[in-house]
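Structure file coords_31.csv; described as CSV, C-alpha atoms.
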```
chain,number,residue,atom,x,y,z
A,1,MET,CA,139.8,138.9,82.4
A,2,ILE,CA,140.9,141.5,79.9
A,3,THR,CA,142.1,138.8,77.6
A,4,ILE,CA,138.7,137.1,77.7
A,5,VAL,CA,136.9,140.4,76.9
A,6,VAL,CA,139.3,141.0,73.9
A,7,GLU,CA,138.7,137.5,72.6
A,8,VAL,CA,134.9,138.0,72.9
A,9,VAL,CA,135.1,141.3,71.0
A,10,ILE,CA,137.2,139.8,68.3
A,11,ALA,CA,134.8,136.9,67.9
A,12,VAL,CA,131.8,139.2,67.7
A,13,VAL,CA,133.5,141.3,65.0
A,14,VAL,CA,134.4,138.2,63.0
A,15,ILE,CA,130.8,136.8,63.2
A,16,PHE,CA,129.3,140.1,62.1
A,17,GLY,CA,131.8,140.5,59.4
A,18,LEU,CA,131.0,137.0,58.0
A,19,MET,CA,127.2,137.4,58.3
A,20,ALA,CA,127.0,140.8,56.6
A,21,PRO,CA,127.7,139.7,53.0
A,22,LEU,CA,125.6,136.5,53.5
A,23,GLU,CA,122.5,138.6,53.9
A,24,THR,CA,123.3,140.3,50.6
A,25,LEU,CA,123.9,137.0,48.8
A,26,ARG,CA,120.6,135.6,50.2
A,27,TRP,CA,118.7,138.6,49.0
A,28,TRP,CA,120.2,138.3,45.5
A,29,SER,CA,119.5,134.5,45.3
A,30,ASN,CA,115.8,135.1,46.0
A,31,ARG,CA,115.6,137.5,43.0
A,32,TYR,CA,118.0,136.2,40.4
A,33,PRO,CA,117.9,136.3,37.4
A,34,ILE,CA,115.4,139.2,36.8
A,35,PRO,CA,116.0,141.8,39.5
A,36,ALA,CA,113.8,144.9,39.2
A,37,LEU,CA,113.0,148.1,41.2
A,38,ASN,CA,109.5,146.9,42.0
A,39,ALA,CA,107.1,149.3,43.6
A,40,PRO,CA,103.5,149.5,44.7
A,41,GLU,CA,100.8,151.3,42.7
A,42,VAL,CA,101.5,154.9,41.8
A,43,HIS,CA,99.5,157.7,43.4
A,44,PRO,CA,101.3,160.9,42.3
A,45,VAL,CA,101.3,164.0,44.5
A,46,PRO,CA,101.1,167.1,42.4
A,47,GLY,CA,103.2,170.3,42.9
A,48,ILE,CA,106.3,168.7,44.3
A,49,ARG,CA,109.6,170.0,43.0
A,50,ARG,CA,111.9,167.5,44.5
A,51,PHE,CA,111.8,164.3,46.5
A,52,ALA,CA,114.4,163.2,49.1
A,53,VAL,CA,115.1,160.1,51.1
A,54,TYR,CA,116.8,160.4,54.5
A,55,LEU,CA,119.1,157.6,55.8
A,56,SER,CA,120.1,157.7,59.5
A,57,GLY,CA,123.4,156.8,61.1
A,58,ILE,CA,124.7,153.4,62.4
A,59,GLU,CA,123.0,153.7,65.8
A,60,VAL,CA,119.5,153.3,64.4
A,61,LEU,CA,117.5,150.1,64.9
A,62,ASP,CA,115.1,150.5,62.0
A,63,GLY,CA,113.6,153.0,59.7
A,64,ASP,CA,111.1,154.3,62.2
A,65,GLN,CA,113.5,155.1,65.1
A,66,HIS,CA,115.3,158.2,64.1
A,67,SER,CA,116.3,160.4,67.0
A,68,ARG,CA,114.0,163.3,67.9
A,69,SER,CA,116.8,165.8,67.0
A,70,GLU,CA,117.0,164.3,63.5
A,71,ARG,CA,113.3,164.5,63.0
A,72,ALA,CA,113.3,168.1,64.3
A,73,THR,CA,116.0,169.0,61.8
A,74,LEU,CA,114.1,167.5,58.9
A,75,ASP,CA,110.9,169.3,60.0
A,76,LEU,CA,112.8,172.6,59.9
A,77,VAL,CA,113.7,171.8,56.3
A,78,ARG,CA,110.1,170.9,55.4
A,79,GLN,CA,108.9,174.2,56.8
A,80,HIS,CA,111.1,176.1,54.5
A,81,LEU,CA,110.7,173.9,51.5
A,82,PRO,CA,107.0,172.9,51.3
A,83,ASP,CA,107.5,171.7,47.7
A,84,VAL,CA,110.0,169.1,48.8
A,85,ILE,CA,108.9,165.7,50.2
A,86,ILE,CA,111.4,163.9,52.5
A,87,THR,CA,110.8,160.3,53.3
A,88,GLU,CA,112.4,158.8,56.4
A,89,ASP,CA,111.1,155.2,56.5
A,90,VAL,CA,114.1,153.4,55.1
A,91,PHE,CA,116.4,151.3,57.3
A,92,PRO,CA,119.7,151.6,55.4
A,93,TYR,CA,121.3,148.6,57.0
A,94,ALA,CA,119.1,145.9,55.6
A,95,MET,CA,118.3,145.2,52.0
A,96,GLU,CA,114.7,144.2,52.7
A,97,ASN,CA,114.1,147.2,55.0
A,98,ARG,CA,113.6,144.8,57.9
A,99,GLY,CA,114.7,146.5,61.0
A,100,LEU,CA,116.5,144.7,63.9
A,101,PRO,CA,113.3,144.5,66.0
A,102,GLN,CA,111.6,142.6,63.1
A,103,ARG,CA,114.0,139.7,63.2
A,104,ALA,CA,114.3,136.5,65.1
A,105,THR,CA,116.9,138.1,67.3
A,106,ALA,CA,114.5,141.0,68.1
A,107,TRP,CA,114.7,140.2,71.9
A,108,LEU,CA,118.4,140.8,71.9
A,109,TRP,CA,118.3,144.1,70.0
A,110,ARG,CA,115.5,145.4,72.2
A,111,ARG,CA,117.4,144.6,75.3
A,112,ILE,CA,120.5,146.3,74.0
A,113,ASP,CA,118.5,149.4,73.0
A,114,LYS,CA,116.8,149.6,76.4
A,115,ALA,CA,120.2,149.4,78.1
A,116,ARG,CA,121.8,152.1,76.1
A,117,ARG,CA,118.8,154.4,76.7
A,118,ARG,CA,119.5,154.1,80.5
A,119,ILE,CA,123.3,154.2,80.2
A,120,ARG,CA,124.6,155.9,77.0
A,121,TRP,CA,128.0,154.3,77.0
A,122,TRP,CA,126.8,150.8,77.9
A,123,PRO,CA,129.4,148.5,76.2
A,124,SER,CA,126.9,146.1,74.7
A,125,ALA,CA,125.2,149.0,72.9
A,126,MET,CA,128.1,149.1,70.6
A,127,LEU,CA,126.8,145.8,69.1
A,128,ILE,CA,124.1,147.8,67.2
A,129,SER,CA,126.6,150.2,65.7
A,130,LEU,CA,129.1,147.3,64.9
A,131,ARG,CA,126.4,145.3,63.2
A,132,ASN,CA,125.4,148.2,61.0
A,133,VAL,CA,129.0,149.2,60.3
A,134,MET,CA,129.4,145.8,58.7
A,135,GLN,CA,126.6,146.6,56.3
A,136,VAL,CA,128.3,149.9,55.4
A,137,LEU,CA,131.5,148.0,54.6
A,138,THR,CA,129.5,145.5,52.5
A,139,SER,CA,128.0,148.4,50.5
A,140,ALA,CA,131.6,149.7,50.0
A,141,ASP,CA,133.0,146.3,49.1
A,142,PRO,CA,133.5,145.9,45.3
A,143,ARG,CA,132.6,142.2,45.5
A,144,TYR,CA,129.2,142.7,47.2
A,145,GLY,CA,128.5,146.4,47.0
A,146,GLU,CA,126.7,146.5,43.7
A,147,THR,CA,124.2,143.9,44.9
A,148,TYR,CA,123.7,145.6,48.3
A,149,SER,CA,123.3,149.0,46.6
A,150,PHE,CA,120.7,147.6,44.2
A,151,GLY,CA,118.7,146.2,47.1
A,152,MET,CA,118.8,149.5,48.9
A,153,ALA,CA,117.8,151.3,45.7
A,154,SER,CA,114.7,149.0,45.5
A,155,VAL,CA,113.7,149.9,49.1
A,156,MET,CA,114.2,153.7,48.4
A,157,TRP,CA,112.2,153.4,45.1
A,158,ARG,CA,109.3,151.9,47.0
A,159,SER,CA,109.6,154.7,49.6
A,160,LEU,CA,109.5,157.3,46.9
A,161,ILE,CA,106.5,155.8,45.2
A,162,ASN,CA,104.6,155.5,48.5
A,163,ALA,CA,105.3,159.2,49.1
A,164,GLY,CA,103.7,160.1,45.8
A,165,TYR,CA,106.6,160.0,43.3
A,166,ASP,CA,105.5,159.9,39.7
A,167,PRO,CA,107.9,157.9,37.5
A,168,ALA,CA,106.0,159.2,34.4
A,169,ASN,CA,107.0,162.8,35.4
A,170,PRO,CA,110.2,162.2,37.3
A,171,ALA,CA,111.2,165.0,39.7
A,172,PRO,CA,114.8,165.3,40.9
A,173,VAL,CA,115.7,163.0,43.8
A,174,THR,CA,118.2,163.6,46.6
A,175,VAL,CA,119.4,160.9,49.0
A,176,ILE,CA,120.6,162.3,52.3
A,177,GLY,CA,122.9,160.1,54.4
A,178,TYR,CA,124.1,160.8,57.9
A,179,SER,CA,127.3,159.1,59.1
A,180,GLY,CA,127.5,155.6,57.6
A,181,GLY,CA,124.2,156.3,55.9
A,182,ALA,CA,126.2,158.4,53.4
A,183,GLN,CA,127.8,155.3,51.8
A,184,ILE,CA,124.5,153.6,51.6
A,185,ALA,CA,123.0,156.7,50.0
A,186,LEU,CA,125.8,157.0,47.5
A,187,GLY,CA,125.8,153.4,46.4
A,188,ALA,CA,122.0,153.3,45.9
A,189,ALA,CA,122.0,156.6,44.0
A,190,ARG,CA,123.6,154.8,41.1
A,191,TYR,CA,120.7,152.5,40.5
A,192,LEU,CA,118.1,155.3,41.0
A,193,ALA,CA,119.9,157.3,38.4
A,194,ALA,CA,119.7,154.3,36.1
A,195,GLN,CA,115.9,154.8,36.1
A,196,GLY,CA,116.4,158.0,34.3
A,197,LEU,CA,116.3,160.2,37.4
A,198,ASN,CA,118.3,163.3,38.2
A,199,VAL,CA,119.9,162.1,41.5
A,200,ASP,CA,122.0,164.1,44.0
A,201,VAL,CA,123.5,162.9,47.3
A,202,ILE,CA,124.0,164.9,50.6
A,203,SER,CA,126.4,163.6,53.2
A,204,ILE,CA,126.0,164.8,56.8
A,205,GLY,CA,129.4,164.0,58.4
A,206,GLY,CA,129.3,160.9,56.2
A,207,VAL,CA,131.9,158.2,55.6
A,208,TYR,CA,131.7,157.0,52.0
A,209,ALA,CA,134.0,155.1,49.7
A,210,ASP,CA,135.3,155.7,46.2
A,211,ASP,CA,132.0,154.4,44.8
A,212,PRO,CA,131.1,153.9,41.1
A,213,ALA,CA,127.9,156.0,41.7
A,214,LEU,CA,130.1,159.1,41.6
A,215,ASP,CA,130.1,158.7,37.8
A,216,HIS,CA,126.3,158.7,37.7
A,217,ILE,CA,125.0,161.3,40.2
A,218,GLY,CA,124.7,165.0,39.6
A,219,LYS,CA,126.6,166.1,42.7
A,220,LEU,CA,127.6,165.2,46.2
A,221,THR,CA,127.3,167.8,48.9
A,222,HIS,CA,129.3,166.9,52.1
A,223,LEU,CA,128.3,168.8,55.2
A,224,SER,CA,131.3,168.8,57.5
A,225,GLY,CA,132.0,169.8,61.1
A,226,SER,CA,135.5,170.8,61.8
A,227,ARG,CA,135.7,168.7,65.0
A,228,ASP,CA,134.1,165.7,63.4
A,229,LEU,CA,136.8,163.1,63.4
A,230,THR,CA,134.6,160.2,62.3
A,231,GLN,CA,134.1,161.5,58.8
A,232,HIS,CA,137.9,161.2,58.3
A,233,LEU,CA,137.6,157.4,58.6
A,234,ALA,CA,137.1,157.5,54.8
A,235,ILE,CA,140.9,157.4,54.7
A,236,ALA,CA,140.4,153.6,54.9
A,237,PHE,CA,139.3,153.7,51.2
A,238,PRO,CA,142.4,154.1,48.9
A,239,GLY,CA,140.2,155.5,46.2
A,240,ARG,CA,139.7,158.6,48.3
A,241,TRP,CA,143.5,159.3,48.6
A,242,PHE,CA,145.1,162.1,46.6
A,243,THR,CA,147.3,159.4,45.1
A,244,ALA,CA,144.3,158.1,43.1
A,245,PRO,CA,143.4,160.9,40.8
A,246,ALA,CA,141.8,158.5,38.3
A,247,SER,CA,139.5,156.9,40.8
A,248,TYR,CA,135.7,157.6,40.8
A,249,TYR,CA,136.2,160.0,43.7
A,250,GLY,CA,139.3,161.6,42.1
A,251,ARG,CA,137.4,162.3,38.8
A,252,ALA,CA,134.3,163.5,40.6
A,253,LYS,CA,136.3,165.9,42.7
A,254,ARG,CA,138.2,167.2,39.6
A,255,ASP,CA,134.9,167.6,37.7
A,256,GLY,CA,133.4,169.7,40.5
A,257,LYS,CA,130.8,167.1,41.5
A,258,ILE,CA,131.8,167.2,45.1
A,259,GLN,CA,131.1,170.2,47.3
A,260,VAL,CA,132.2,170.4,50.9
A,261,VAL,CA,130.2,172.8,53.1
A,262,GLN,CA,131.9,173.7,56.4
A,263,LEU,CA,129.3,174.0,59.1
A,264,GLY,CA,131.5,175.0,62.1
A,265,ALA,CA,133.0,173.4,65.1
A,266,MET,CA,130.7,170.4,65.3
A,267,LYS,CA,131.5,166.9,66.4
A,268,HIS,CA,130.1,163.8,64.7
A,269,SER,CA,127.1,163.6,67.2
A,270,GLU,CA,126.3,167.3,67.2
A,271,TYR,CA,124.9,168.1,63.7
A,272,PHE,CA,121.3,168.0,65.0
A,273,SER,CA,121.9,169.6,68.4
A,274,ARG,CA,119.7,172.4,69.5
A,275,ARG,CA,121.8,173.2,72.6
A,276,ARG,CA,125.2,173.8,71.0
A,277,THR,CA,125.5,177.1,69.1
A,278,LEU,CA,127.8,178.7,66.6
A,279,VAL,CA,129.4,182.1,67.0
A,280,ASP,CA,126.6,183.7,65.0
A,281,GLY,CA,124.1,182.5,67.6
A,282,ARG,CA,122.5,179.8,65.5
A,283,SER,CA,122.1,176.3,67.0
A,284,TYR,CA,124.0,173.4,65.3
A,285,ARG,CA,120.5,172.1,64.2
A,286,GLU,CA,119.6,175.4,62.5
A,287,ALA,CA,123.0,175.5,60.7
A,288,THR,CA,122.6,171.9,59.5
A,289,ALA,CA,119.0,172.6,58.4
A,290,ALA,CA,120.1,175.7,56.5
A,291,ALA,CA,122.8,173.8,54.7
A,292,LEU,CA,120.2,171.1,53.8
A,293,ILE,CA,117.8,173.8,52.6
A,294,ALA,CA,120.4,175.3,50.4
A,295,ALA,CA,121.4,172.0,48.9
A,296,LEU,CA,117.8,171.0,48.2
A,297,SER,CA,117.0,174.3,46.7
A,298,ASP,CA,119.6,174.0,43.8
```
Please rewrite the model in this file as structure tokens.
Amino acid sequence: MITIVVEVVIAVVVIFGLMAPLETLRWWSNRYPIPALNAPEVHPVPGIRRFAVYLSGIEVLDGDQHSRSERATLDLVRQHLPDVIITEDVFPYAMENRGLPQRATAWLWRRIDKARRRIRWWPSAMLISLRNVMQVLTSADPRYGETYSFGMASVMWRSLINAGYDPANPAPVTVIGYSGGAQIALGAARYLAAQGLNVDVISIGGVYADDPALDHIGKLTHLSGSRDLTQHLAIAFPGRWFTAPASYYGRAKRDGKIQVVQLGAMKHSEYFSRRRTLVDGRSYREATAAALIAALSD
């Protein structure tokens, strides 16, 4: 029985791994040879100092299904920074911003989502995370990453324009990525910067690779919990090792582009928690929001 389960898991991993780059190649084939960051008609919102795009972690189904704790954290930031607009309508694990419930396999993803809401550690619920992880790996892959990142930049560009961004008077842009969303944020930031924008990236416990975008962004702020083991999965990317000082990551770190902010004894799933508290009495949510506010205020 155990052997059968292992074989099924391996088969699922292989299938997702093969399908992930195919979606990227299909997207590119539909736009070649003249890709562009297309956007709807511009309706600028005055008085905005900075725009930000939030990308959720690998458990999300689409761009409209962030957890209540994530939304509450972003609302805290908005209350303190009324001159900053944060959009949160981007699904970072699909180049066309087409969430899992908008696909032919919607019935499957809805059933899995319903099951994991009843039983948090329901085994099949891992399929959502596994599927999205493969998109993160595609973004980090030097063979497909540039295409994937360009596609995500197109989605983010539309999100910004819809929120009132004015390309004729470009305000600074920050892309915020939680967990696997940090790699997507970093990769896409390169192409947003190519539009002449001042682009920064904030990683919340994020896993990100040695990405070429590090040569093009202003800075990367990594919010880190001391008990967050997931963020250390970045060790899988050799360009992040101390033995690669000439890599994109190595140069960015040496040039002071990367800032690590220690938030306290948070685990990977606790950055937005209102129940857990630090020794100073602040909830983890308040501490994360304060770090976001500080980074967006620079």
With all atoms listed in the file as the counted atoms, please give the residues lying no more than 12 Å from Ala236 in chain A, apart from itself and same-chain residues fewer than 6 positions off, as a PDB file with C-alpha atoms, in the frame of the given file.
```
ATOM      1  CA  LEU A 137     131.500 148.000  54.600  1.00  0.00           C
ATOM      2  CA  ALA A 140     131.600 149.700  50.000  1.00  0.00           C
ATOM      3  CA  ASP A 141     133.000 146.300  49.100  1.00  0.00           C
ATOM      4  CA  VAL A 207     131.900 158.200  55.600  1.00  0.00           C
ATOM      5  CA  TYR A 208     131.700 157.000  52.000  1.00  0.00           C
ATOM      6  CA  ALA A 209     134.000 155.100  49.700  1.00  0.00           C
ATOM      7  CA  ASP A 210     135.300 155.700  46.200  1.00  0.00           C
ATOM      8  CA  THR A 230     134.600 160.200  62.300  1.00  0.00           C
TER       9      THR A 230
END
```
Give me the residues within 7 Å of Gly180 in chain A as a list in words, counting only C-alpha atoms and dropping any in the same chain fewer than 6 places off. Gly57, Ile58, Val136, Gly206 and Val207 of chain A
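For the pair CA of Asp83 in chain A and CA of Ala153 in chain A, the separation is 22.9 Å.
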Residues of range 201-261 of chain A that approach range 48-55 of chain A to 12 Å or less, counting all atoms listed in the file: could you list each one with the shortest pair of atoms and its distance in Å to one decimal, rows by chain and increasing residue number, as a tab-separated table?
```
residue	atom	partner	partner_atom	distance
A:Val201	CA	A:Ala52	CA	9.3
A:Ile202	CA	A:Tyr54	CA	9.3
A:Ser203	CA	A:Leu55	CA	9.8
A:Ile204	CA	A:Leu55	CA	10.0
A:Gly206	CA	A:Leu55	CA	10.7
```
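What separates CA of Ile161 in chain A from CA of Glu59 in chain A is a distance of 26.5 Å.
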In Å and to one decimal, CA of Ala94 in chain A is distant from CA of Gln183 in chain A by 13.4 Å
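Considering the residues A:Ala163, A:Leu100, A:Ile217, A:Val77 and counting only C-alpha atoms, Ala188 in chain A has its shortest atom-to-atom contact with A:Ile217.
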(message) Residues near Arg285 in chain A, anyone? I mean within 7 Å using only C-alpha atoms, not counting same-chain ones fewer than 4 positions away, as a PyMOL selection string.
(response) chain A and resi 73+271-274+289
Inset, instruction - May I have the residues at most 12 Å from (119.1, 168.6, 49.9) in the file's coordinates, counting only C-alpha atoms, as a PyMOL selection string? - result: chain A and resi 49-54+74+77-78+80-81+84-86+172-177+199-204+219-223+288-298
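Those residues that approach range 40-44 of chain A to within 6 Å, counting all atoms listed in the file, are Gly164, Tyr165 and Asp166 of chain A; same-chain residues fewer than 2 positions away are not listed.
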Kindly extract all protein, DNA and RNA residues lying within 9 Å of the coordinates (118.5, 151.7, 66.7) given in the file, considering only C-alpha atoms, and supply them as a ChimeraX atom specification. /A:58-63,65-67,99-101,109-110,113,128-129
For Glu96 in chain A, please output as a PyMOL selection string all residues within 9 Å (counting all atoms listed in the file; exclusion window: fewer than 5 positions along the same chain).
chain A and resi 27+91+151-152+154-155
